[in-house]
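Undergrad: Just one file: coords_15.cif, with mmCIF, C-alpha atoms.
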data_final
#
loop_
_atom_site.label_atom_id
_atom_site.label_comp_id
_atom_site.auth_asym_id
_atom_site.auth_seq_id
_atom_site.Cartn_x
_atom_site.Cartn_y
_atom_site.Cartn_z
CA MET Q 1 0.00 0.00 0.00
CA LEU Q 2 2.74 2.44 0.95
CA SER Q 3 4.57 1.70 -2.29
CA LEU Q 4 1.49 2.59 -4.34
CA TYR Q 5 0.97 5.82 -2.39
CA GLN Q 6 4.60 6.70 -3.04
CA LYS Q 7 4.17 6.09 -6.76
CA LEU Q 8 1.25 8.55 -6.62
CA GLY Q 9 3.45 11.21 -5.04
CA ILE Q 10 2.90 10.78 -1.28
CA ASP Q 11 6.11 10.59 0.74
CA ARG Q 12 6.59 8.37 3.79
CA LYS Q 13 6.26 11.13 6.38
CA THR Q 14 2.98 12.37 4.90
CA TYR Q 15 1.62 8.82 4.75
CA ASP Q 16 2.61 8.05 8.35
CA PHE Q 17 1.13 11.32 9.59
CA GLY Q 18 -2.19 10.45 7.91
CA ALA Q 19 -2.13 6.94 9.40
CA GLU Q 20 -1.55 8.38 12.88
CA ILE Q 21 -4.57 10.69 12.50
CA LEU Q 22 -6.81 7.92 11.17
CA ALA Q 23 -6.06 5.61 14.08
CA GLY Q 24 -8.07 7.90 16.35
CA LEU Q 25 -11.13 8.21 14.08
CA LYS Q 26 -12.46 4.64 13.93
CA GLU Q 27 -15.25 5.12 16.46
CA ARG Q 28 -16.38 8.35 14.85
CA PHE Q 29 -16.41 6.80 11.39
CA ALA Q 30 -18.55 3.93 12.71
CA LYS Q 31 -21.19 6.45 13.83
CA ILE Q 32 -21.19 8.03 10.36
CA ASP Q 33 -21.85 4.60 8.88
CA GLU Q 34 -24.85 4.19 11.20
CA VAL Q 35 -26.36 7.46 9.95
CA ALA Q 36 -25.73 6.36 6.36
CA GLU Q 37 -27.48 3.07 7.00
CA TYR Q 38 -30.52 4.85 8.43
CA ASN Q 39 -30.71 7.27 5.51
CA GLN Q 40 -30.19 4.47 3.00
CA LEU Q 41 -33.22 2.68 4.38
CA LYS Q 42 -35.21 5.93 4.36
CA VAL Q 43 -34.51 6.41 0.64
CA LEU Q 44 -35.24 2.76 -0.11
CA GLN Q 45 -38.54 2.95 1.77
CA ALA Q 46 -39.58 6.03 -0.25
CA MET Q 47 -38.73 4.30 -3.53
CA GLN Q 48 -40.65 1.15 -2.61
CA LYS Q 49 -43.64 3.09 -1.30
CA ASN Q 50 -43.94 4.97 -4.59
CA GLN Q 51 -43.48 1.78 -6.64
CA VAL Q 52 -40.45 2.89 -8.64
CA SER Q 53 -40.42 0.64 -11.69
CA GLU Q 54 -38.35 0.10 -14.81
CA ALA Q 55 -40.85 2.27 -16.66
CA CYS Q 56 -39.87 5.19 -14.41
CA LEU Q 57 -36.38 5.17 -15.93
CA LEU Q 58 -37.47 5.69 -19.56
CA GLY Q 59 -38.12 9.42 -19.61
CA THR Q 60 -39.86 11.68 -22.12
CA THR Q 61 -39.16 14.34 -24.74
CA GLY Q 62 -41.04 17.38 -25.98
CA TYR Q 63 -43.58 18.76 -23.54
CA GLY Q 64 -43.06 15.90 -21.10
CA TYR Q 65 -46.74 15.35 -20.43
CA ASN Q 66 -47.54 12.39 -18.17
CA ASP Q 67 -43.88 11.70 -17.41
CA LEU Q 68 -44.24 8.78 -14.99
CA GLY Q 69 -40.60 8.73 -13.95
CA ARG Q 70 -40.42 12.48 -13.30
CA ASP Q 71 -43.62 12.54 -11.27
CA THR Q 72 -42.67 9.43 -9.29
CA LEU Q 73 -39.22 10.83 -8.52
CA GLU Q 74 -40.81 13.99 -7.14
CA ALA Q 75 -43.07 11.86 -4.94
CA VAL Q 76 -39.99 9.98 -3.72
CA TYR Q 77 -38.24 13.25 -2.83
CA ALA Q 78 -41.35 14.47 -1.01
CA ASP Q 79 -41.35 11.29 1.08
CA VAL Q 80 -37.61 11.41 1.78
CA PHE Q 81 -37.94 14.99 3.06
CA HIS Q 82 -41.38 14.39 4.65
CA THR Q 83 -43.01 17.19 2.68
CA GLU Q 84 -46.27 17.71 0.79
CA ASP Q 85 -44.64 18.08 -2.62
CA ALA Q 86 -41.33 18.41 -4.46
CA LEU Q 87 -39.94 19.81 -7.69
CA VAL Q 88 -36.93 17.87 -9.02
CA ARG Q 89 -35.87 18.92 -12.49
CA PRO Q 90 -32.89 18.95 -14.88
CA GLN Q 91 -34.19 22.36 -15.99
CA ILE Q 92 -33.00 23.72 -12.62
CA THR Q 93 -29.40 24.34 -13.58
CA CYS Q 94 -27.64 24.68 -10.22
CA GLY Q 95 -28.09 25.41 -6.53
CA THR Q 96 -28.16 29.17 -7.04
CA HIS Q 97 -30.86 28.75 -9.68
CA ALA Q 98 -32.91 26.57 -7.33
CA LEU Q 99 -32.65 29.17 -4.56
CA ALA Q 100 -33.46 32.05 -6.92
CA LEU Q 101 -36.45 30.09 -8.22
CA ALA Q 102 -37.78 29.45 -4.71
CA LEU Q 103 -37.34 33.10 -3.72
CA MET Q 104 -38.67 34.72 -6.87
CA SER Q 105 -41.73 32.48 -7.02
CA ASN Q 106 -42.77 32.97 -3.40
CA LEU Q 107 -42.10 36.69 -3.00
CA ARG Q 108 -44.10 39.54 -4.50
CA PRO Q 109 -43.40 43.29 -4.93
CA GLY Q 110 -43.63 44.98 -1.56
CA ASP Q 111 -42.55 41.87 0.37
CA GLU Q 112 -39.39 41.72 2.44
CA LEU Q 113 -36.86 38.90 2.59
CA LEU Q 114 -35.05 38.34 5.90
CA SER Q 115 -31.81 36.46 6.52
CA PRO Q 116 -31.42 35.90 10.28
CA VAL Q 117 -28.07 34.11 9.84
CA GLY Q 118 -25.99 36.88 8.28
CA LYS Q 119 -24.82 37.34 4.72
CA PRO Q 120 -25.93 34.67 2.24
CA TYR Q 121 -23.64 32.83 -0.14
CA ASP Q 122 -21.85 35.10 -2.63
CA THR Q 123 -23.85 34.07 -5.71
CA LEU Q 124 -27.12 35.05 -3.99
CA GLU Q 125 -26.01 38.65 -3.56
CA GLU Q 126 -26.95 39.49 -7.14
CA VAL Q 127 -30.15 37.46 -6.91
CA ILE Q 128 -31.25 39.52 -3.93
CA GLY Q 129 -29.81 42.80 -5.19
CA ILE Q 130 -27.20 43.33 -2.47
CA ARG Q 131 -24.92 43.73 -5.46
CA PRO Q 132 -26.95 45.34 -8.25
CA SER Q 133 -27.85 42.99 -11.09
CA ARG Q 134 -30.51 42.85 -13.80
CA GLY Q 135 -33.58 40.92 -12.73
CA SER Q 136 -32.74 40.93 -9.01
CA LEU Q 137 -35.39 40.86 -6.31
CA ALA Q 138 -34.60 44.50 -5.60
CA GLU Q 139 -35.60 45.45 -9.16
CA TYR Q 140 -39.01 43.95 -8.47
CA GLY Q 141 -39.52 46.01 -5.33
CA ILE Q 142 -38.65 43.23 -2.87
CA THR Q 143 -36.59 44.53 0.02
CA TYR Q 144 -33.97 42.67 2.03
CA ARG Q 145 -33.03 42.74 5.68
CA GLN Q 146 -30.25 40.87 7.43
CA VAL Q 147 -29.44 40.06 11.05
CA ASP Q 148 -25.88 38.92 11.64
CA LEU Q 149 -24.97 36.06 13.92
CA LEU Q 150 -23.48 36.91 17.30
CA THR Q 151 -19.71 36.71 17.70
CA ASP Q 152 -20.04 33.25 19.26
CA GLY Q 153 -22.07 32.01 16.28
CA GLY Q 154 -25.39 32.18 18.10
CA PHE Q 155 -28.60 33.72 16.82
CA ASP Q 156 -29.30 37.35 17.67
CA TYR Q 157 -32.86 36.66 18.80
CA GLU Q 158 -33.59 40.22 19.85
CA GLY Q 159 -32.25 41.54 16.56
CA ILE Q 160 -34.41 39.03 14.68
CA ARG Q 161 -37.48 40.04 16.69
CA ARG Q 162 -36.90 43.70 15.77
CA ALA Q 163 -36.29 42.86 12.11
CA ILE Q 164 -39.54 40.96 11.54
CA ASN Q 165 -42.30 43.33 10.45
CA GLU Q 166 -45.54 43.43 8.49
CA LYS Q 167 -43.62 43.19 5.18
CA THR Q 168 -41.59 40.12 6.15
CA ARG Q 169 -42.82 37.37 3.84
CA LEU Q 170 -39.95 34.89 3.66
CA VAL Q 171 -37.08 34.00 5.98
CA THR Q 172 -34.07 32.36 4.32
CA ILE Q 173 -31.76 30.23 6.44
CA GLN Q 174 -28.46 29.09 4.96
CA ARG Q 175 -27.50 25.82 6.64
CA SER Q 176 -23.91 25.67 5.43
CA LYS Q 177 -21.22 28.29 5.93
CA GLY Q 178 -20.58 29.34 2.33
CA TYR Q 179 -17.37 31.35 2.04
CA GLN Q 180 -17.44 32.19 5.73
CA THR Q 181 -15.80 30.62 8.74
CA ARG Q 182 -18.97 30.52 10.85
CA PRO Q 183 -20.38 27.24 12.16
CA THR Q 184 -22.74 25.25 9.98
CA LEU Q 185 -26.22 25.06 11.48
CA SER Q 186 -27.47 21.75 12.81
CA VAL Q 187 -31.00 20.68 11.99
CA GLY Q 188 -31.83 21.07 15.66
CA ARG Q 189 -30.65 24.69 15.75
CA ILE Q 190 -32.52 25.44 12.53
CA GLY Q 191 -35.66 24.07 14.18
CA GLU Q 192 -35.18 26.35 17.18
CA LEU Q 193 -34.78 29.37 14.89
CA ILE Q 194 -37.87 28.49 12.85
CA ALA Q 195 -39.95 28.02 16.00
CA PHE Q 196 -38.86 31.46 17.23
CA VAL Q 197 -39.71 33.11 13.89
CA LYS Q 198 -43.08 31.37 13.61
CA GLN Q 199 -43.98 32.42 17.16
CA ILE Q 200 -43.56 36.04 16.08
CA LYS Q 201 -45.18 35.70 12.64
CA PRO Q 202 -46.85 32.32 12.03
CA ASP Q 203 -47.58 32.89 8.32
CA VAL Q 204 -43.99 33.68 7.31
CA ILE Q 205 -42.38 31.19 4.89
CA CYS Q 206 -39.20 29.64 6.29
CA MET Q 207 -36.87 28.40 3.54
CA VAL Q 208 -33.64 26.51 4.20
CA ASP Q 209 -30.73 26.45 1.77
CA ASN Q 210 -29.92 22.78 2.34
CA CYS Q 211 -26.88 22.58 0.05
CA TYR Q 212 -24.17 20.24 1.38
CA GLY Q 213 -26.35 19.16 4.31
CA GLU Q 214 -28.58 16.43 2.92
CA PHE Q 215 -28.15 13.02 4.61
CA VAL Q 216 -25.51 14.24 7.06
CA GLU Q 217 -28.03 13.78 9.87
CA THR Q 218 -30.98 11.41 10.16
CA ILE Q 219 -33.44 14.32 9.93
CA GLU Q 220 -33.77 17.26 7.53
CA PRO Q 221 -34.92 20.87 8.12
CA THR Q 222 -38.44 19.99 6.90
CA ASP Q 223 -38.68 17.64 9.89
CA VAL Q 224 -38.34 20.64 12.23
CA GLY Q 225 -40.70 23.15 10.62
CA ALA Q 226 -39.09 24.42 7.41
CA ASP Q 227 -41.66 25.24 4.73
CA MET Q 228 -39.13 24.62 1.95
CA VAL Q 229 -35.71 23.01 1.54
CA VAL Q 230 -33.70 23.76 -1.56
CA GLY Q 231 -30.60 22.15 -2.99
CA SER Q 232 -28.52 21.05 -5.95
CA LEU Q 233 -28.36 17.57 -7.47
CA ILE Q 234 -24.64 17.87 -8.20
CA LYS Q 235 -24.13 18.01 -4.45
CA ASN Q 236 -25.24 15.40 -1.88
CA PRO Q 237 -28.61 14.14 -3.21
CA GLY Q 238 -27.32 13.43 -6.71
CA GLY Q 239 -24.85 10.89 -5.33
CA GLY Q 240 -22.23 11.88 -7.91
CA LEU Q 241 -24.32 10.53 -10.79
CA ALA Q 242 -26.78 13.36 -11.49
CA PRO Q 243 -25.22 15.45 -14.29
CA ILE Q 244 -27.36 18.54 -13.56
CA GLY Q 245 -30.46 19.54 -11.64
CA GLY Q 246 -31.89 20.96 -8.46
CA TYR Q 247 -34.77 20.35 -6.08
CA ILE Q 248 -37.30 22.26 -4.00
CA ALA Q 249 -39.28 20.24 -1.45
CA GLY Q 250 -41.87 21.61 0.93
CA LYS Q 251 -45.40 22.88 1.30
CA LYS Q 252 -47.54 22.24 -1.77
CA MET Q 253 -48.27 25.92 -2.38
CA CYS Q 254 -44.57 26.88 -2.20
CA VAL Q 255 -43.59 24.10 -4.62
CA GLU Q 256 -46.42 24.91 -7.04
CA ASN Q 257 -45.36 28.57 -7.05
CA ALA Q 258 -41.84 27.47 -7.96
CA ALA Q 259 -43.15 25.21 -10.74
CA TYR Q 260 -45.17 28.06 -12.26
CA ARG Q 261 -42.07 30.24 -12.23
CA LEU Q 262 -39.85 27.51 -13.70
CA THR Q 263 -42.17 26.76 -16.61
CA SER Q 264 -45.17 29.06 -17.05
CA PRO Q 265 -48.34 30.14 -15.22
CA GLY Q 266 -51.00 27.57 -16.05
CA LEU Q 267 -48.44 24.86 -16.87
CA GLY Q 268 -46.41 24.36 -13.71
CA LYS Q 269 -45.31 20.79 -13.02
CA GLU Q 270 -47.26 19.34 -15.96
CA VAL Q 271 -44.49 20.06 -18.46
CA GLY Q 272 -40.74 19.57 -18.48
CA ALA Q 273 -39.38 16.51 -20.27
CA SER Q 274 -36.87 14.35 -18.41
CA LEU Q 275 -34.80 13.71 -21.56
CA GLY Q 276 -33.34 10.34 -20.57
CA ILE Q 277 -31.74 11.67 -17.39
CA LEU Q 278 -33.90 9.84 -14.87
CA PRO Q 279 -31.73 6.72 -14.30
CA ALA Q 280 -28.93 8.97 -13.02
CA PHE Q 281 -31.35 10.88 -10.80
CA TYR Q 282 -32.81 7.73 -9.27
CA GLN Q 283 -29.55 5.85 -8.84
CA GLY Q 284 -27.78 8.96 -7.59
CA LEU Q 285 -30.41 9.48 -4.89
CA PHE Q 286 -30.14 5.79 -3.97
CA LEU Q 287 -26.35 6.10 -3.52
CA ALA Q 288 -26.49 9.53 -1.88
CA PRO Q 289 -26.45 8.40 1.79
CA THR Q 290 -23.27 6.35 1.40
CA VAL Q 291 -21.57 8.89 -0.87
CA THR Q 292 -22.36 11.61 1.68
CA ALA Q 293 -20.86 9.42 4.41
CA SER Q 294 -17.61 9.17 2.42
CA ALA Q 295 -17.49 12.94 2.03
CA LEU Q 296 -18.20 13.41 5.73
CA LYS Q 297 -15.32 11.13 6.70
CA ALA Q 298 -13.09 13.14 4.38
CA ALA Q 299 -14.06 16.41 6.06
CA ILE Q 300 -13.33 15.01 9.53
CA PHE Q 301 -9.99 13.58 8.37
CA ALA Q 302 -8.99 16.94 6.88
CA ALA Q 303 -10.01 18.82 10.03
CA ASN Q 304 -7.91 16.55 12.24
CA ILE Q 305 -4.88 16.76 9.96
CA TYR Q 306 -4.84 20.52 9.55
CA GLU Q 307 -5.77 21.34 13.13
CA LYS Q 308 -2.87 19.24 14.37
CA LEU Q 309 -0.60 21.19 12.03
CA GLY Q 310 -1.71 24.43 13.69
CA PHE Q 311 -4.19 25.82 11.15
CA ALA Q 312 -7.61 27.17 12.12
CA VAL Q 313 -10.34 24.80 10.95
CA VAL Q 314 -14.14 25.10 10.95
CA PRO Q 315 -15.64 22.83 12.16
CA ASP Q 316 -12.83 21.86 14.50
CA ALA Q 317 -11.48 18.34 14.80
CA THR Q 318 -13.95 17.12 17.41
CA GLU Q 319 -17.23 19.02 17.05
CA SER Q 320 -20.38 17.56 15.54
CA ARG Q 321 -20.93 17.79 11.78
CA HIS Q 322 -23.92 19.17 9.92
CA ASP Q 323 -22.61 19.46 6.35
CA ILE Q 324 -19.76 18.03 4.30
CA ILE Q 325 -17.70 21.25 4.02
CA GLN Q 326 -14.41 21.73 5.81
CA ALA Q 327 -12.88 25.20 6.02
CA VAL Q 328 -9.15 25.57 6.61
CA THR Q 329 -7.67 29.04 7.09
CA PHE Q 330 -4.11 29.40 5.81
CA GLY Q 331 -3.77 33.17 6.10
CA THR Q 332 -2.00 33.42 2.75
CA ALA Q 333 -3.02 33.10 -0.88
CA GLU Q 334 -0.13 30.67 -1.39
CA GLY Q 335 -1.61 28.24 1.13
CA VAL Q 336 -5.02 28.28 -0.55
CA VAL Q 337 -3.49 27.76 -3.99
CA ALA Q 338 -1.18 24.93 -2.86
CA PHE Q 339 -4.05 23.09 -1.17
CA CYS Q 340 -6.24 23.32 -4.27
CA ARG Q 341 -3.44 22.18 -6.54
CA GLY Q 342 -2.96 19.12 -4.37
CA ILE Q 343 -6.67 18.27 -4.61
CA GLN Q 344 -6.57 18.72 -8.40
CA ALA Q 345 -3.54 16.43 -8.66
CA ALA Q 346 -5.51 13.73 -6.83
CA ALA Q 347 -8.43 13.82 -9.29
CA PRO Q 348 -9.41 10.99 -11.65
CA VAL Q 349 -10.13 13.59 -14.36
CA ASP Q 350 -7.76 16.44 -15.32
CA SER Q 351 -5.18 15.55 -12.68
CA HIS Q 352 -2.52 16.88 -15.05
CA VAL Q 353 -3.86 20.45 -15.12
CA THR Q 354 -3.00 23.25 -12.70
CA PRO Q 355 -5.86 25.33 -11.25
CA GLU Q 356 -5.40 29.10 -11.16
CA PRO Q 357 -7.45 31.85 -9.47
CA TRP Q 358 -9.84 33.56 -11.90
CA ASP Q 359 -12.70 36.06 -12.05
CA MET Q 360 -15.60 33.66 -11.67
CA PRO Q 361 -19.13 34.99 -12.39
CA GLY Q 362 -21.10 35.88 -9.26
CA TYR Q 363 -18.12 36.51 -6.98
CA ASP Q 364 -16.44 39.73 -5.84
CA ALA Q 365 -12.88 38.37 -5.79
CA LYS Q 366 -10.80 35.91 -7.77
CA VAL Q 367 -11.68 32.31 -6.92
CA ILE Q 368 -9.60 29.17 -7.29
CA MET Q 369 -11.39 25.90 -7.87
CA ALA Q 370 -10.01 22.38 -7.88
CA ALA Q 371 -12.47 19.87 -9.28
CA GLY Q 372 -11.27 17.10 -11.55
CA ALA Q 373 -14.75 15.63 -11.68
CA PHE Q 374 -16.81 13.33 -13.87
CA VAL Q 375 -19.58 15.96 -13.68
CA SER Q 376 -18.33 19.48 -14.26
CA GLY Q 377 -18.55 21.52 -11.06
CA SER Q 378 -19.87 18.61 -9.02
CA SER Q 379 -18.95 19.40 -5.42
CA ILE Q 380 -20.04 16.05 -4.03
CA GLU Q 381 -16.98 14.82 -5.88
CA LEU Q 382 -13.55 15.54 -4.37
CA SER Q 383 -13.17 19.29 -4.73
CA ALA Q 384 -11.87 22.44 -3.07
CA ASP Q 385 -12.25 26.12 -3.69
CA GLY Q 386 -11.87 29.49 -2.08
CA PRO Q 387 -11.79 33.23 -2.75
CA ILE Q 388 -8.38 34.83 -2.93
CA LYS Q 389 -9.03 37.37 -0.20
CA PRO Q 390 -8.57 37.54 3.60
CA PRO Q 391 -8.67 35.44 5.70
CA TYR Q 392 -7.45 33.19 2.85
CA ALA Q 393 -9.49 30.14 3.75
CA VAL Q 394 -10.03 27.12 1.53
CA TYR Q 395 -13.25 25.12 1.50
CA PHE Q 396 -12.89 21.40 0.95
CA GLN Q 397 -15.77 19.04 0.24
CA GLY Q 398 -16.77 15.82 -1.41
CA GLY Q 399 -15.37 12.43 -2.21
CA LEU Q 400 -17.41 9.76 -3.96
CA THR Q 401 -15.47 7.06 -2.12
CA TRP Q 402 -13.61 7.25 1.16
CA PRO Q 403 -10.33 5.77 -0.22
CA HIS Q 404 -10.18 8.43 -2.93
CA ALA Q 405 -11.06 11.21 -0.48
CA LYS Q 406 -8.33 10.01 1.88
CA PHE Q 407 -5.78 10.12 -0.93
CA GLY Q 408 -6.94 13.59 -1.96
CA ILE Q 409 -6.40 15.00 1.52
CA LEU Q 410 -2.95 13.46 1.74
CA LYS Q 411 -2.18 14.91 -1.70
CA SER Q 412 -3.26 18.38 -0.52
CA LEU Q 413 -0.91 18.04 2.45
CA GLN Q 414 1.91 16.82 0.22
CA SER Q 415 1.45 19.89 -1.98
CA LEU Q 416 1.82 22.15 1.06
CA VAL Q 417 4.93 20.23 2.12
CA ASP Q 418 6.43 20.50 -1.36
CA GLU Q 419 5.78 24.27 -1.36
CA LYS Q 420 7.41 24.51 2.11
CA ILE Q 421 4.22 25.92 3.63
CA VAL Q 422 4.18 22.90 5.95
CA ALA Q 423 7.49 21.59 7.30
CA TRP Q 424 8.03 18.30 9.12
CA ASN Q 425 10.03 18.55 12.36
#
Take the structure in the file and give it back as structure tokens.

TA:
Amino acid sequence: MLSLYQKLGIDRKTYDFGAEILAGLKERFAKIDEVAEYNQLKVLQAMQKNQVSEACLLGTTGYGYNDLGRDTLEAVYADVFHTEDALVRPQITCGTHALALALMSNLRPGDELLSPVGKPYDTLEEVIGIRPSRGSLAEYGITYRQVDLLTDGGFDYEGIRRAINEKTRLVTIQRSKGYQTRPTLSVGRIGELIAFVKQIKPDVICMVDNCYGEFVETIEPTDVGADMVVGSLIKNPGGGLAPIGGYIAGKKMCVENAAYRLTSPGLGKEVGASLGILPAFYQGLFLAPTVTASALKAAIFAANIYEKLGFAVVPDATESRHDIIQAVTFGTAEGVVAFCRGIQAAAPVDSHVTPEPWDMPGYDAKVIMAAGAFVSGSSIELSADGPIKPPYAVYFQGGLTWPHAKFGILKSLQSLVDEKIVAWN
């Protein structure tokens, strides 16, 4: 085994350091496997209940009327997330599109959007109008209010109470950290926040950006009061097989509003051909719990490695996990770049190319992305990225299999060693 690692560019000291870290993680990894088993059975139960058949895998073209596979898949998603309805479509191009769709379809001119967990992910700034952009919510007369988290990562309940007013129509809660070093929100904490908001204004819509969080716990935000959960199929629920797509699951009215916005008023969910993509959607969802478990093990392994080397990591090496993202703060652009180049060199696709920071659409700084993936941009696959700006943190996620994820993390460390950013004693 060591010989093969060495042939792939991992030196003995790096390998031994990784082995030392892994020796202390066996019990924690066993608990992750238990969660994966529970979620696997939950997905299987939903598929059997809705009588998924070979006919569901055939798909349609054109208008997509009476698409059995599409409609059954949406029923499966609704059961997995314990919701009234779901919209799961290849026509939803990415997570940002899914979030924009959910917001734009459930808000009207004069309404106000509230984020009680601070600034949303960078690509939503133009959707909302924080950064001016054509077609933003702001252009349609929808205002935005934000309440930052407290310095300890807690909710500013008094600030939230003051922010909610007669115009507040929708509260958006981002579960994961995005390009921030704040804690990811557990499903339990999300439930507490929703209960507080609903106590003040019962009719407000509570939407959770669930990206990177699906199947990490045995429950989802819709189990604790969320009216909608939104995510991308090239993250956790696509299991690495879905080549595109997004989902919105929740209250029937919220989902129908999104469907009318995605297609057309009067058409809604009735149209939208599946175009032969359904086998990947079904099989990806079936594999998602175990794929997510592999990615979660990778995040914990990375946290333990880099914390022991003295770098700030969020979450830290021992705290509970609520998404698959691991943030590591290097404090320099060189550290971020070296880490990402190591991840790229570990990829099954495009391992020979060198990632460089670039002006990526939707961001306010250069971003470096390492993702040698079978599906372009798929961040359930081994990947890492980060903005080239202070505090110079990198965000690592994914890994379709644990052995590959383990190698990728060791390769990132080897890259830092080779660049003399990390030195062995």

Undergrad: Hey, which of Q:Glu381, Q:Asp67, Q:Glu54, Q:Glu214 ends up closest to Q:Ser294? Count all atoms listed in the file.

TA: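 The closest residue to Q:Ser294 is Q:Glu381.
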
Undergrad: Any chance you could resolve the PyMOL selection byres ((chain Q and resi 86) around 6) against this file and give the residues as a ChimeraX atom specification?

TA: /Q:74,78,85,87,248-249

Undergrad: Between Q:Ser376, Q:Gln45, Q:Thr83, Q:Thr329, which residue has the minimum interatomic distance to Q:Asp350, considering only C-alpha atoms?

TA: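 Of all the options, Q:Ser376 lies closest to Q:Asp350.
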
Undergrad: Tell me, as a list of chain:residue names, which residues lie within 7 Å of stretch 156-168 of chain Q, counting all atoms listed in the file; anything in the same chain fewer than 2 positions away does not count.

TA: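 Once the adjacent positions are removed, what remains is Q:Gly110, Q:Asp111, Q:Glu112, Q:Leu113, Q:Leu114, Q:Pro116, Q:Val147, Q:Leu149, Q:Leu150, Q:Gly154, Q:Leu170, Q:Val204.
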
Undergrad: Restricting the output to C-alpha atoms, write the selected residues as a CSV table (one decimal), in the coordinates of the input.

TA:
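Printed below is selection-v8.csv as written:
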chain,number,residue,atom,x,y,z
Q,110,GLY,CA,-43.6,45.0,-1.6
Q,111,ASP,CA,-42.6,41.9,0.4
Q,112,GLU,CA,-39.4,41.7,2.4
Q,113,LEU,CA,-36.9,38.9,2.6
Q,114,LEU,CA,-35.0,38.3,5.9
Q,116,PRO,CA,-31.4,35.9,10.3
Q,147,VAL,CA,-29.4,40.1,11.0
Q,149,LEU,CA,-25.0,36.1,13.9
Q,150,LEU,CA,-23.5,36.9,17.3
Q,154,GLY,CA,-25.4,32.2,18.1
Q,170,LEU,CA,-40.0,34.9,3.7
Q,204,VAL,CA,-44.0,33.7,7.3

Undergrad: Using only C-alpha atoms, can you list as a ChimeraX atom specification the residues within 9 Å of (-8.1, 19.7, 13.3)?

TA: /Q:300-318,328

Undergrad: Could you please take those selected residues and save C-alpha atoms as an mmCIF file, in the coordinates of the input?

TA:
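Written out: out19.cif:
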data_model
loop_
_atom_site.group_PDB
_atom_site.id
_atom_site.type_symbol
_atom_site.label_atom_id
_atom_site.label_comp_id
_atom_site.auth_asym_id
_atom_site.auth_seq_id
_atom_site.Cartn_x
_atom_site.Cartn_y
_atom_site.Cartn_z
ATOM 1 C CA ILE Q 300 -13.330 15.010 9.530
ATOM 2 C CA PHE Q 301 -9.990 13.580 8.370
ATOM 3 C CA ALA Q 302 -8.990 16.940 6.880
ATOM 4 C CA ALA Q 303 -10.010 18.820 10.030
ATOM 5 C CA ASN Q 304 -7.910 16.550 12.240
ATOM 6 C CA ILE Q 305 -4.880 16.760 9.960
ATOM 7 C CA TYR Q 306 -4.840 20.520 9.550
ATOM 8 C CA GLU Q 307 -5.770 21.340 13.130
ATOM 9 C CA LYS Q 308 -2.870 19.240 14.370
ATOM 10 C CA LEU Q 309 -0.600 21.190 12.030
ATOM 11 C CA GLY Q 310 -1.710 24.430 13.690
ATOM 12 C CA PHE Q 311 -4.190 25.820 11.150
ATOM 13 C CA ALA Q 312 -7.610 27.170 12.120
ATOM 14 C CA VAL Q 313 -10.340 24.800 10.950
ATOM 15 C CA VAL Q 314 -14.140 25.100 10.950
ATOM 16 C CA PRO Q 315 -15.640 22.830 12.160
ATOM 17 C CA ASP Q 316 -12.830 21.860 14.500
ATOM 18 C CA ALA Q 317 -11.480 18.340 14.800
ATOM 19 C CA THR Q 318 -13.950 17.120 17.410
ATOM 20 C CA VAL Q 328 -9.150 25.570 6.610
#

Undergrad: Going by the chain IDs and residue numbers used in this file, which residues fall under the PyMOL selection byres ((chain Q and resi 95) around 7)? Write them as a PyMOL selection string.

TA: chain Q and resi 94+96-99+231-232+246

Undergrad: Please, what distance in Å, to one decimal, runs between atom CA of Q:Gly153 and atom CA of Q:Gly178?

TA: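 Between atom CA of Q:Gly153 and atom CA of Q:Gly178 the gap works out to 14.3 Å.
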
Undergrad: Neighbouring residues of Q:Ile343 were defined as those with any atom within 12 Å, considering all atoms listed in the file; residues of the same chain fewer than 5 positions away were excluded. Please report them as a short mmCIF file (atom, residue, chain, number, x, y, z; two decimals) with C-alpha atoms, in the coordinates of the input.

TA:
data_model
loop_
_atom_site.label_atom_id
_atom_site.label_comp_id
_atom_site.auth_asym_id
_atom_site.auth_seq_id
_atom_site.Cartn_x
_atom_site.Cartn_y
_atom_site.Cartn_z
CA ALA Q 302 -8.99 16.94 6.88
CA VAL Q 336 -5.02 28.28 -0.55
CA VAL Q 337 -3.49 27.76 -3.99
CA ALA Q 338 -1.18 24.93 -2.86
CA PRO Q 348 -9.41 10.99 -11.65
CA VAL Q 349 -10.13 13.59 -14.36
CA ASP Q 350 -7.76 16.44 -15.32
CA SER Q 351 -5.18 15.55 -12.68
CA HIS Q 352 -2.52 16.88 -15.05
CA VAL Q 353 -3.86 20.45 -15.12
CA THR Q 354 -3.00 23.25 -12.70
CA PRO Q 355 -5.86 25.33 -11.25
CA ILE Q 368 -9.60 29.17 -7.29
CA MET Q 369 -11.39 25.90 -7.87
CA ALA Q 370 -10.01 22.38 -7.88
CA ALA Q 371 -12.47 19.87 -9.28
CA GLY Q 372 -11.27 17.10 -11.55
CA ALA Q 373 -14.75 15.63 -11.68
CA GLU Q 381 -16.98 14.82 -5.88
CA LEU Q 382 -13.55 15.54 -4.37
CA SER Q 383 -13.17 19.29 -4.73
CA ALA Q 384 -11.87 22.44 -3.07
CA ASP Q 385 -12.25 26.12 -3.69
CA VAL Q 394 -10.03 27.12 1.53
CA TYR Q 395 -13.25 25.12 1.50
CA PHE Q 396 -12.89 21.40 0.95
CA GLN Q 397 -15.77 19.04 0.24
CA GLY Q 398 -16.77 15.82 -1.41
CA GLY Q 399 -15.37 12.43 -2.21
CA HIS Q 404 -10.18 8.43 -2.93
CA ALA Q 405 -11.06 11.21 -0.48
CA LYS Q 406 -8.33 10.01 1.88
CA PHE Q 407 -5.78 10.12 -0.93
CA GLY Q 408 -6.94 13.59 -1.96
CA ILE Q 409 -6.40 15.00 1.52
CA LEU Q 410 -2.95 13.46 1.74
CA LYS Q 411 -2.18 14.91 -1.70
CA SER Q 412 -3.26 18.38 -0.52
CA LEU Q 413 -0.91 18.04 2.45
CA GLN Q 414 1.91 16.82 0.22
CA SER Q 415 1.45 19.89 -1.98
CA LEU Q 416 1.82 22.15 1.06
#
